[in-house]
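What follows is the content of work-v5.tsv (TSV, N, CA and C atoms).
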```
chain	number	residue	atom	x	y	z
I	1	MET	N	63.06	16.75	5.90
I	1	MET	CA	62.87	15.44	6.48
I	1	MET	C	61.89	15.50	7.65
I	2	VAL	N	62.00	16.47	8.48
I	2	VAL	CA	61.11	16.65	9.62
I	2	VAL	C	59.70	16.97	9.10
I	3	PHE	N	59.65	17.74	8.03
I	3	PHE	CA	58.37	18.13	7.44
I	3	PHE	C	57.62	16.90	6.91
I	4	LYS	N	58.33	15.98	6.23
I	4	LYS	CA	57.72	14.75	5.72
I	4	LYS	C	57.22	13.88	6.86
I	5	THR	N	57.97	13.77	7.89
I	5	THR	CA	57.59	12.96	9.05
I	5	THR	C	56.35	13.54	9.71
I	6	LEU	N	56.31	14.86	9.81
I	6	LEU	CA	55.16	15.52	10.41
I	6	LEU	C	53.89	15.29	9.59
I	7	ILE	N	53.97	15.35	8.26
I	7	ILE	CA	52.81	15.11	7.39
I	7	ILE	C	52.35	13.65	7.49
I	8	ILE	N	53.28	12.73	7.50
I	8	ILE	CA	52.92	11.31	7.62
I	8	ILE	C	52.24	11.04	8.96
I	9	LEU	N	52.78	11.62	10.02
I	9	LEU	CA	52.20	11.45	11.35
I	9	LEU	C	50.81	12.05	11.42
I	10	LEU	N	50.64	13.20	10.80
I	10	LEU	CA	49.34	13.88	10.79
I	10	LEU	C	48.30	13.09	10.00
I	11	LEU	N	48.66	12.56	8.84
I	11	LEU	CA	47.73	11.79	8.02
I	11	LEU	C	47.36	10.45	8.66
I	12	SER	N	48.31	9.81	9.28
I	12	SER	CA	48.03	8.50	9.88
I	12	SER	C	47.09	8.62	11.07
I	13	THR	N	47.16	9.69	11.82
I	13	THR	CA	46.25	9.84	12.97
I	13	THR	C	44.84	10.17	12.51
I	14	THR	N	44.70	10.95	11.42
I	14	THR	CA	43.35	11.27	10.95
I	14	THR	C	42.66	10.05	10.35
I	15	LEU	N	43.40	9.17	9.71
I	15	LEU	CA	42.81	7.94	9.17
I	15	LEU	C	42.35	7.03	10.29
I	16	ALA	N	43.08	6.99	11.37
I	16	ALA	CA	42.71	6.12	12.48
I	16	ALA	C	41.47	6.64	13.20
I	17	VAL	N	41.31	7.95	13.28
I	17	VAL	CA	40.18	8.54	13.98
I	17	VAL	C	38.93	8.55	13.09
I	18	ALA	N	39.09	8.58	11.77
I	18	ALA	CA	37.97	8.74	10.85
I	18	ALA	C	37.06	7.51	10.79
I	19	GLY	N	37.51	6.33	11.16
I	19	GLY	CA	36.69	5.13	11.07
I	19	GLY	C	35.56	5.15	12.08
I	20	ALA	N	34.38	4.62	11.68
I	20	ALA	CA	33.23	4.57	12.57
I	20	ALA	C	33.36	3.38	13.51
I	21	LYS	N	32.87	3.57	14.70
I	21	LYS	CA	32.91	2.49	15.69
I	21	LYS	C	31.67	1.62	15.50
I	22	THR	N	31.87	0.36	15.27
I	22	THR	CA	30.74	-0.56	15.16
I	22	THR	C	30.95	-1.66	16.20
I	23	ILE	N	30.06	-1.69	17.15
I	23	ILE	CA	30.11	-2.70	18.19
I	23	ILE	C	28.85	-3.53	18.05
I	24	GLY	N	29.00	-4.79	17.85
I	24	GLY	CA	27.84	-5.66	17.68
I	24	GLY	C	27.29	-5.59	16.26
I	25	SER	N	26.08	-6.10	16.09
I	25	SER	CA	25.49	-6.12	14.75
I	25	SER	C	24.86	-4.76	14.44
I	26	LYS	N	24.67	-4.52	13.13
I	26	LYS	CA	24.08	-3.26	12.71
I	26	LYS	C	22.58	-3.28	12.99
I	27	LYS	N	22.02	-2.11	13.28
I	27	LYS	CA	20.58	-2.00	13.52
I	27	LYS	C	19.83	-2.06	12.20
I	28	ASP	N	18.62	-2.58	12.26
I	28	ASP	CA	17.76	-2.62	11.08
I	28	ASP	C	17.18	-1.23	10.85
I	29	TYR	N	16.79	-0.95	9.62
I	29	TYR	CA	16.20	0.34	9.30
I	29	TYR	C	14.82	0.46	9.95
I	30	THR	N	14.42	1.69	10.26
I	30	THR	CA	13.08	1.91	10.80
I	30	THR	C	12.07	1.80	9.66
I	31	ARG	N	10.81	1.76	10.02
I	31	ARG	CA	9.75	1.63	9.00
I	31	ARG	C	9.78	2.82	8.05
I	32	GLN	N	9.94	4.03	8.60
I	32	GLN	CA	9.95	5.22	7.75
I	32	GLN	C	11.15	5.21	6.79
I	33	GLN	N	12.30	4.74	7.27
I	33	GLN	CA	13.47	4.66	6.41
I	33	GLN	C	13.26	3.63	5.29
I	34	LYS	N	12.59	2.52	5.62
I	34	LYS	CA	12.31	1.51	4.60
I	34	LYS	C	11.36	2.04	3.54
I	35	ILE	N	10.38	2.86	3.95
I	35	ILE	CA	9.44	3.46	3.00
I	35	ILE	C	10.18	4.41	2.07
I	36	GLN	N	11.08	5.23	2.65
I	36	GLN	CA	11.82	6.19	1.84
I	36	GLN	C	12.81	5.51	0.90
I	37	ARG	N	13.34	4.37	1.31
I	37	ARG	CA	14.26	3.63	0.46
I	37	ARG	C	13.53	2.85	-0.63
I	38	GLY	N	12.24	2.60	-0.45
I	38	GLY	CA	11.46	1.85	-1.43
I	38	GLY	C	11.38	0.37	-1.11
I	39	THR	N	11.86	-0.04	0.06
I	39	THR	CA	11.77	-1.43	0.47
I	39	THR	C	10.32	-1.81	0.76
I	40	ILE	N	9.60	-0.91	1.42
I	40	ILE	CA	8.18	-1.11	1.71
I	40	ILE	C	7.39	-0.20	0.79
I	41	VAL	N	6.41	-0.75	0.09
I	41	VAL	CA	5.56	0.05	-0.78
I	41	VAL	C	4.21	0.17	-0.09
I	42	GLU	N	3.85	1.39	0.30
I	42	GLU	CA	2.57	1.61	0.96
I	42	GLU	C	1.45	1.62	-0.07
I	43	LYS	N	0.29	1.11	0.34
I	43	LYS	CA	-0.87	1.12	-0.54
I	43	LYS	C	-1.42	2.55	-0.61
I	44	LYS	N	-1.90	2.91	-1.78
I	44	LYS	CA	-2.55	4.20	-1.95
I	44	LYS	C	-4.05	3.98	-1.85
I	45	TYR	N	-4.73	4.91	-1.22
I	45	TYR	CA	-6.17	4.80	-1.05
I	45	TYR	C	-6.86	5.98	-1.74
I	46	THR	N	-8.10	5.74	-2.15
I	46	THR	CA	-8.93	6.78	-2.74
I	46	THR	C	-10.34	6.64	-2.17
I	47	THR	N	-11.13	7.67	-2.31
I	47	THR	CA	-12.51	7.62	-1.84
I	47	THR	C	-13.39	7.03	-2.93
I	48	CYS	N	-14.03	5.92	-2.61
I	48	CYS	CA	-14.95	5.28	-3.54
I	48	CYS	C	-16.37	5.66	-3.16
I	49	ARG	N	-17.13	6.09	-4.16
I	49	ARG	CA	-18.51	6.52	-3.93
I	49	ARG	C	-19.48	5.53	-4.58
I	50	LEU	N	-20.63	5.38	-3.94
I	50	LEU	CA	-21.64	4.42	-4.38
I	50	LEU	C	-22.13	4.76	-5.78
I	51	LYS	N	-22.10	3.76	-6.66
I	51	LYS	CA	-22.56	3.94	-8.03
I	51	LYS	C	-23.87	3.20	-8.27
I	52	LYS	N	-23.95	1.92	-7.84
I	52	LYS	CA	-25.14	1.11	-8.06
I	52	LYS	C	-25.40	0.22	-6.86
I	53	ILE	N	-26.68	-0.06	-6.63
I	53	ILE	CA	-27.08	-1.06	-5.63
I	53	ILE	C	-27.96	-2.07	-6.35
I	54	LEU	N	-27.62	-3.34	-6.21
I	54	LEU	CA	-28.41	-4.41	-6.82
I	54	LEU	C	-28.93	-5.33	-5.72
I	55	GLN	N	-30.22	-5.65	-5.80
I	55	GLN	CA	-30.86	-6.50	-4.80
I	55	GLN	C	-31.07	-7.89	-5.40
I	56	SER	N	-30.69	-8.91	-4.65
I	56	SER	CA	-30.92	-10.27	-5.11
I	56	SER	C	-32.27	-10.77	-4.59
I	57	ARG	N	-32.67	-11.94	-5.03
I	57	ARG	CA	-33.95	-12.51	-4.58
I	57	ARG	C	-33.92	-12.89	-3.11
I	58	SER	N	-32.73	-13.24	-2.62
I	58	SER	CA	-32.61	-13.67	-1.23
I	58	SER	C	-32.53	-12.48	-0.27
I	59	GLY	N	-32.39	-11.26	-0.78
I	59	GLY	CA	-32.36	-10.09	0.08
I	59	GLY	C	-30.97	-9.50	0.25
I	60	ASP	N	-29.94	-10.17	-0.26
I	60	ASP	CA	-28.59	-9.61	-0.18
I	60	ASP	C	-28.44	-8.48	-1.18
I	61	GLN	N	-27.55	-7.55	-0.84
I	61	GLN	CA	-27.30	-6.43	-1.73
I	61	GLN	C	-25.88	-6.49	-2.25
I	62	ALA	N	-25.72	-6.15	-3.51
I	62	ALA	CA	-24.40	-5.99	-4.11
I	62	ALA	C	-24.21	-4.50	-4.37
I	63	CYS	N	-23.16	-3.92	-3.81
I	63	CYS	CA	-22.90	-2.49	-3.95
I	63	CYS	C	-21.70	-2.30	-4.85
I	64	VAL	N	-21.84	-1.51	-5.89
I	64	VAL	CA	-20.75	-1.21	-6.81
I	64	VAL	C	-20.31	0.22	-6.53
I	65	TYR	N	-19.00	0.39	-6.29
I	65	TYR	CA	-18.42	1.69	-5.98
I	65	TYR	C	-17.43	2.09	-7.06
I	66	GLU	N	-17.35	3.41	-7.31
I	66	GLU	CA	-16.38	3.93	-8.26
I	66	GLU	C	-15.55	5.00	-7.56
I	67	GLY	N	-14.23	4.90	-7.76
I	67	GLY	CA	-13.31	5.86	-7.15
I	67	GLY	C	-12.54	6.62	-8.21
I	68	GLY	N	-11.47	7.24	-7.78
I	68	GLY	CA	-10.65	8.05	-8.67
I	68	GLY	C	-9.99	7.22	-9.75
I	69	ASN	N	-9.93	7.78	-10.96
I	69	ASN	CA	-9.25	7.16	-12.10
I	69	ASN	C	-9.84	5.79	-12.44
I	70	LYS	N	-11.16	5.69	-12.38
I	70	LYS	CA	-11.90	4.46	-12.70
I	70	LYS	C	-11.46	3.27	-11.84
I	71	THR	N	-11.41	3.50	-10.55
I	71	THR	CA	-11.18	2.42	-9.59
I	71	THR	C	-12.55	1.87	-9.20
I	72	PHE	N	-12.78	0.59	-9.43
I	72	PHE	CA	-14.07	-0.02	-9.11
I	72	PHE	C	-13.90	-1.02	-7.97
I	73	GLU	N	-14.90	-1.04	-7.08
I	73	GLU	CA	-14.94	-1.98	-5.97
I	73	GLU	C	-16.34	-2.57	-5.90
I	74	LEU	N	-16.41	-3.81	-5.47
I	74	LEU	CA	-17.69	-4.50	-5.31
I	74	LEU	C	-17.76	-5.01	-3.88
I	75	MET	N	-18.88	-4.70	-3.21
I	75	MET	CA	-19.04	-5.11	-1.81
I	75	MET	C	-20.41	-5.73	-1.63
I	76	PHE	N	-20.46	-6.82	-0.90
I	76	PHE	CA	-21.73	-7.47	-0.57
I	76	PHE	C	-22.05	-7.13	0.88
I	77	ASP	N	-23.17	-6.45	1.06
I	77	ASP	CA	-23.53	-6.01	2.40
I	77	ASP	C	-25.03	-5.78	2.45
I	78	ASN	N	-25.60	-5.83	3.65
I	78	ASN	CA	-27.02	-5.51	3.80
I	78	ASN	C	-27.23	-4.01	3.81
I	79	ASN	N	-26.19	-3.28	4.16
I	79	ASN	CA	-26.26	-1.84	4.29
I	79	ASN	C	-25.11	-1.24	3.48
I	80	CYS	N	-25.38	-0.51	2.42
I	80	CYS	CA	-24.33	0.05	1.58
I	80	CYS	C	-24.00	1.47	2.02
I	81	PRO	N	-22.79	1.72	2.51
I	81	PRO	CA	-22.43	3.11	2.83
I	81	PRO	C	-22.28	3.92	1.55
I	82	LYS	N	-22.49	5.23	1.65
I	82	LYS	CA	-22.43	6.08	0.47
I	82	LYS	C	-21.01	6.20	-0.07
I	83	GLN	N	-20.01	6.14	0.83
I	83	GLN	CA	-18.62	6.20	0.39
I	83	GLN	C	-17.72	5.54	1.43
I	84	PHE	N	-16.55	5.09	0.99
I	84	PHE	CA	-15.55	4.54	1.89
I	84	PHE	C	-14.19	4.61	1.22
I	85	LYS	N	-13.14	4.37	1.99
I	85	LYS	CA	-11.78	4.39	1.46
I	85	LYS	C	-11.47	3.02	0.87
I	86	CYS	N	-11.09	3.00	-0.39
I	86	CYS	CA	-10.74	1.74	-1.04
I	86	CYS	C	-9.33	1.85	-1.62
I	87	VAL	N	-8.74	0.71	-1.90
I	87	VAL	CA	-7.38	0.67	-2.45
I	87	VAL	C	-7.41	1.22	-3.87
I	88	TYR	N	-6.48	2.13	-4.16
I	88	TYR	CA	-6.40	2.78	-5.46
I	88	TYR	C	-5.92	1.78	-6.49
I	89	ASN	N	-6.76	1.52	-7.49
I	89	ASN	CA	-6.46	0.57	-8.56
I	89	ASN	C	-6.90	1.21	-9.87
I	90	PRO	N	-6.04	2.03	-10.49
I	90	PRO	CA	-6.48	2.80	-11.66
I	90	PRO	C	-6.82	1.92	-12.85
I	91	ASN	N	-7.83	2.36	-13.59
I	91	ASN	CA	-8.28	1.72	-14.83
I	91	ASN	C	-8.66	0.26	-14.65
I	92	SER	N	-9.30	-0.06	-13.53
I	92	SER	CA	-9.78	-1.44	-13.34
I	92	SER	C	-11.11	-1.59	-14.08
I	93	LYS	N	-11.50	-2.82	-14.30
I	93	LYS	CA	-12.73	-3.09	-15.05
I	93	LYS	C	-13.91	-3.04	-14.09
I	94	GLU	N	-15.03	-2.55	-14.61
I	94	GLU	CA	-16.25	-2.52	-13.81
I	94	GLU	C	-16.76	-3.95	-13.65
I	95	PRO	N	-17.19	-4.32	-12.45
I	95	PRO	CA	-17.69	-5.69	-12.24
I	95	PRO	C	-18.90	-5.98	-13.12
I	96	ASN	N	-18.95	-7.19	-13.64
I	96	ASN	CA	-20.05	-7.61	-14.49
I	96	ASN	C	-21.27	-7.88	-13.61
I	97	ILE	N	-22.30	-7.07	-13.78
I	97	ILE	CA	-23.47	-7.13	-12.90
I	97	ILE	C	-24.24	-8.44	-13.08
I	98	ASP	N	-24.33	-8.94	-14.29
I	98	ASP	CA	-25.09	-10.18	-14.54
I	98	ASP	C	-24.46	-11.36	-13.79
I	99	ASN	N	-23.14	-11.47	-13.82
I	99	ASN	CA	-22.48	-12.57	-13.12
I	99	ASN	C	-22.66	-12.43	-11.61
I	100	VAL	N	-22.62	-11.21	-11.13
I	100	VAL	CA	-22.80	-10.97	-9.70
I	100	VAL	C	-24.20	-11.38	-9.27
I	101	MET	N	-25.20	-10.97	-10.02
I	101	MET	CA	-26.58	-11.30	-9.66
I	101	MET	C	-26.84	-12.80	-9.76
I	102	ASP	N	-26.27	-13.45	-10.77
I	102	ASP	CA	-26.42	-14.91	-10.89
I	102	ASP	C	-25.81	-15.62	-9.68
I	103	SER	N	-24.63	-15.16	-9.24
I	103	SER	CA	-24.00	-15.81	-8.10
I	103	SER	C	-24.81	-15.56	-6.82
I	104	LEU	N	-25.34	-14.34	-6.66
I	104	LEU	CA	-26.15	-14.05	-5.48
I	104	LEU	C	-27.45	-14.87	-5.47
I	105	ASN	N	-28.07	-14.99	-6.61
I	105	ASN	CA	-29.32	-15.76	-6.68
I	105	ASN	C	-29.07	-17.24	-6.47
I	106	SER	N	-27.93	-17.75	-6.96
I	106	SER	CA	-27.63	-19.17	-6.78
I	106	SER	C	-27.32	-19.47	-5.32
I	107	ILE	N	-26.73	-18.53	-4.62
I	107	ILE	CA	-26.47	-18.72	-3.18
I	107	ILE	C	-27.80	-18.78	-2.43
I	108	GLY	N	-28.77	-17.96	-2.82
I	108	GLY	CA	-30.06	-17.95	-2.16
I	108	GLY	C	-30.86	-19.22	-2.38
I	109	LYS	N	-30.64	-19.93	-3.50
I	109	LYS	CA	-31.38	-21.15	-3.81
I	109	LYS	C	-30.94	-22.33	-3.00
I	110	LYS	N	-29.67	-22.35	-2.56
I	110	LYS	CA	-29.14	-23.54	-1.86
I	110	LYS	C	-29.67	-23.68	-0.47
```
What's the structure tokens form of this structure?
Amino acid sequence: MVFKTLIILLLSTTLAVAGAKTIGSKKDYTRQQKIQRGTIVEKKYTTCRLKKILQSRSGDQACVYEGGNKTFELMFDNNCPKQFKCVYNPNSKEPNIDNVMDSLNSIGKK
């Protein structure tokens, strides 16, 4: 009888101590914890290198870049850098050069 009482007393005190203390509201996860949990999806970047430069009649340049796994980017600039970091978009379609040149030339006419 004393043995049963001792076991009950021992188990009841460990259950009372085992609970976590929560005072106030719970803290939000940090950014790194959210990334590891998959709540935040970070963008992947790749190095895009210059593939083509097209000049319009108005003097604007259209720069076509190709990155890893057929990632294509199109940039309109007066000065085309040889490479830059672009968002990784595998197996994207290459921009249609004819449509780009038509739009650049039509902008120059207005």
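When CA of Met101 in chain I is paired with CA of Asn79 in chain I, their separation reads 16.9 Å.
Coordinates place CA of Asp102 in chain I at a distance of 19.1 Å from CA of Tyr65 in chain I.
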Would you mind listing what lies within 9 Å of Phe72 in chain I as an mmCIF file with N, CA and C atoms, keeping the file's coordinate frame, with only C-alpha atoms counted and same-chain residues fewer than 2 positions away left out?
```
data_model
loop_
_atom_site.group_PDB
_atom_site.id
_atom_site.type_symbol
_atom_site.label_atom_id
_atom_site.label_comp_id
_atom_site.auth_asym_id
_atom_site.auth_seq_id
_atom_site.Cartn_x
_atom_site.Cartn_y
_atom_site.Cartn_z
ATOM 1 N N CYS I 48 -14.030 5.920 -2.610
ATOM 2 C CA CYS I 48 -14.950 5.280 -3.540
ATOM 3 C C CYS I 48 -16.370 5.660 -3.160
ATOM 4 N N VAL I 64 -21.840 -1.510 -5.890
ATOM 5 C CA VAL I 64 -20.750 -1.210 -6.810
ATOM 6 C C VAL I 64 -20.310 0.220 -6.530
ATOM 7 N N TYR I 65 -19.000 0.390 -6.290
ATOM 8 C CA TYR I 65 -18.420 1.690 -5.980
ATOM 9 C C TYR I 65 -17.430 2.090 -7.060
ATOM 10 N N GLU I 66 -17.350 3.410 -7.310
ATOM 11 C CA GLU I 66 -16.380 3.930 -8.260
ATOM 12 C C GLU I 66 -15.550 5.000 -7.560
ATOM 13 N N GLY I 67 -14.230 4.900 -7.760
ATOM 14 C CA GLY I 67 -13.310 5.860 -7.150
ATOM 15 C C GLY I 67 -12.540 6.620 -8.210
ATOM 16 N N GLY I 68 -11.470 7.240 -7.780
ATOM 17 C CA GLY I 68 -10.650 8.050 -8.670
ATOM 18 C C GLY I 68 -9.990 7.220 -9.750
ATOM 19 N N LYS I 70 -11.160 5.690 -12.380
ATOM 20 C CA LYS I 70 -11.900 4.460 -12.700
ATOM 21 C C LYS I 70 -11.460 3.270 -11.840
ATOM 22 N N LEU I 74 -16.410 -3.810 -5.470
ATOM 23 C CA LEU I 74 -17.690 -4.500 -5.310
ATOM 24 C C LEU I 74 -17.760 -5.010 -3.880
ATOM 25 N N CYS I 86 -11.090 3.000 -0.390
ATOM 26 C CA CYS I 86 -10.740 1.740 -1.040
ATOM 27 C C CYS I 86 -9.330 1.850 -1.620
ATOM 28 N N TYR I 88 -6.480 2.130 -4.160
ATOM 29 C CA TYR I 88 -6.400 2.780 -5.460
ATOM 30 C C TYR I 88 -5.920 1.780 -6.490
ATOM 31 N N ASN I 89 -6.760 1.520 -7.490
ATOM 32 C CA ASN I 89 -6.460 0.570 -8.560
ATOM 33 C C ASN I 89 -6.900 1.210 -9.870
ATOM 34 N N PRO I 90 -6.040 2.030 -10.490
ATOM 35 C CA PRO I 90 -6.480 2.800 -11.660
ATOM 36 C C PRO I 90 -6.820 1.920 -12.850
ATOM 37 N N ASN I 91 -7.830 2.360 -13.590
ATOM 38 C CA ASN I 91 -8.280 1.720 -14.830
ATOM 39 C C ASN I 91 -8.660 0.260 -14.650
ATOM 40 N N SER I 92 -9.300 -0.060 -13.530
ATOM 41 C CA SER I 92 -9.780 -1.440 -13.340
ATOM 42 C C SER I 92 -11.110 -1.590 -14.080
ATOM 43 N N LYS I 93 -11.500 -2.820 -14.300
ATOM 44 C CA LYS I 93 -12.730 -3.090 -15.050
ATOM 45 C C LYS I 93 -13.910 -3.040 -14.090
ATOM 46 N N GLU I 94 -15.030 -2.550 -14.610
ATOM 47 C CA GLU I 94 -16.250 -2.520 -13.810
ATOM 48 C C GLU I 94 -16.760 -3.950 -13.650
ATOM 49 N N PRO I 95 -17.190 -4.320 -12.450
ATOM 50 C CA PRO I 95 -17.690 -5.690 -12.240
ATOM 51 C C PRO I 95 -18.900 -5.980 -13.120
#
```
Residue neighbourhood Leu104 in chain I, 9 Å, only C-alpha atoms, exclusion window fewer than 3 positions, as a ChimeraX atom specification: /I:55-58,60-62,99-101,107-109
Only N, CA and C atoms, please: the residues just picked out, written as a PDB file, keeping the file's coordinate frame.
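Wrote it out as selection21.pdb, contents follow:
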```pdb
ATOM      1  N   GLN I  55     -30.220  -5.650  -5.800  1.00  0.00           N
ATOM      2  CA  GLN I  55     -30.860  -6.500  -4.800  1.00  0.00           C
ATOM      3  C   GLN I  55     -31.070  -7.890  -5.400  1.00  0.00           C
ATOM      4  N   SER I  56     -30.690  -8.910  -4.650  1.00  0.00           N
ATOM      5  CA  SER I  56     -30.920 -10.270  -5.110  1.00  0.00           C
ATOM      6  C   SER I  56     -32.270 -10.770  -4.590  1.00  0.00           C
ATOM      7  N   ARG I  57     -32.670 -11.940  -5.030  1.00  0.00           N
ATOM      8  CA  ARG I  57     -33.950 -12.510  -4.580  1.00  0.00           C
ATOM      9  C   ARG I  57     -33.920 -12.890  -3.110  1.00  0.00           C
ATOM     10  N   SER I  58     -32.730 -13.240  -2.620  1.00  0.00           N
ATOM     11  CA  SER I  58     -32.610 -13.670  -1.230  1.00  0.00           C
ATOM     12  C   SER I  58     -32.530 -12.480  -0.270  1.00  0.00           C
ATOM     13  N   ASP I  60     -29.940 -10.170  -0.260  1.00  0.00           N
ATOM     14  CA  ASP I  60     -28.590  -9.610  -0.180  1.00  0.00           C
ATOM     15  C   ASP I  60     -28.440  -8.480  -1.180  1.00  0.00           C
ATOM     16  N   GLN I  61     -27.550  -7.550  -0.840  1.00  0.00           N
ATOM     17  CA  GLN I  61     -27.300  -6.430  -1.730  1.00  0.00           C
ATOM     18  C   GLN I  61     -25.880  -6.490  -2.250  1.00  0.00           C
ATOM     19  N   ALA I  62     -25.720  -6.150  -3.510  1.00  0.00           N
ATOM     20  CA  ALA I  62     -24.400  -5.990  -4.110  1.00  0.00           C
ATOM     21  C   ALA I  62     -24.210  -4.500  -4.370  1.00  0.00           C
ATOM     22  N   ASN I  99     -23.140 -11.470 -13.820  1.00  0.00           N
ATOM     23  CA  ASN I  99     -22.480 -12.570 -13.120  1.00  0.00           C
ATOM     24  C   ASN I  99     -22.660 -12.430 -11.610  1.00  0.00           C
ATOM     25  N   VAL I 100     -22.620 -11.210 -11.130  1.00  0.00           N
ATOM     26  CA  VAL I 100     -22.800 -10.970  -9.700  1.00  0.00           C
ATOM     27  C   VAL I 100     -24.200 -11.380  -9.270  1.00  0.00           C
ATOM     28  N   MET I 101     -25.200 -10.970 -10.020  1.00  0.00           N
ATOM     29  CA  MET I 101     -26.580 -11.300  -9.660  1.00  0.00           C
ATOM     30  C   MET I 101     -26.840 -12.800  -9.760  1.00  0.00           C
ATOM     31  N   ILE I 107     -26.730 -18.530  -4.620  1.00  0.00           N
ATOM     32  CA  ILE I 107     -26.470 -18.720  -3.180  1.00  0.00           C
ATOM     33  C   ILE I 107     -27.800 -18.780  -2.430  1.00  0.00           C
ATOM     34  N   GLY I 108     -28.770 -17.960  -2.820  1.00  0.00           N
ATOM     35  CA  GLY I 108     -30.060 -17.950  -2.160  1.00  0.00           C
ATOM     36  C   GLY I 108     -30.860 -19.220  -2.380  1.00  0.00           C
ATOM     37  N   LYS I 109     -30.640 -19.930  -3.500  1.00  0.00           N
ATOM     38  CA  LYS I 109     -31.380 -21.150  -3.810  1.00  0.00           C
ATOM     39  C   LYS I 109     -30.940 -22.330  -3.000  1.00  0.00           C
TER      40      LYS I 109
END
```
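You will find CA of Ser106 in chain I at 16.1 Å from atom C of Met75 in chain I.
Nearest residue to Thr46 in chain I, choosing from I:Val87, I:Met1, I:Ile8, I:Cys80 and counting all atoms listed in the file: I:Val87.
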Centre, x/y/z edge lengths, axis-aligned box for range 48-52 of chain I with 8 Å per side, as JSON:
```
{"center_x": -19.7, "center_y": 3.4, "center_z": -5.4, "size_x": 27.4, "size_y": 22.3, "size_z": 21.7}
```
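Proximity to Asp77 in chain I was assessed for I:Ile97, I:Thr30, I:Ile7, I:Cys63 counting all atoms listed in the file; the smallest distance is recorded for I:Cys63.
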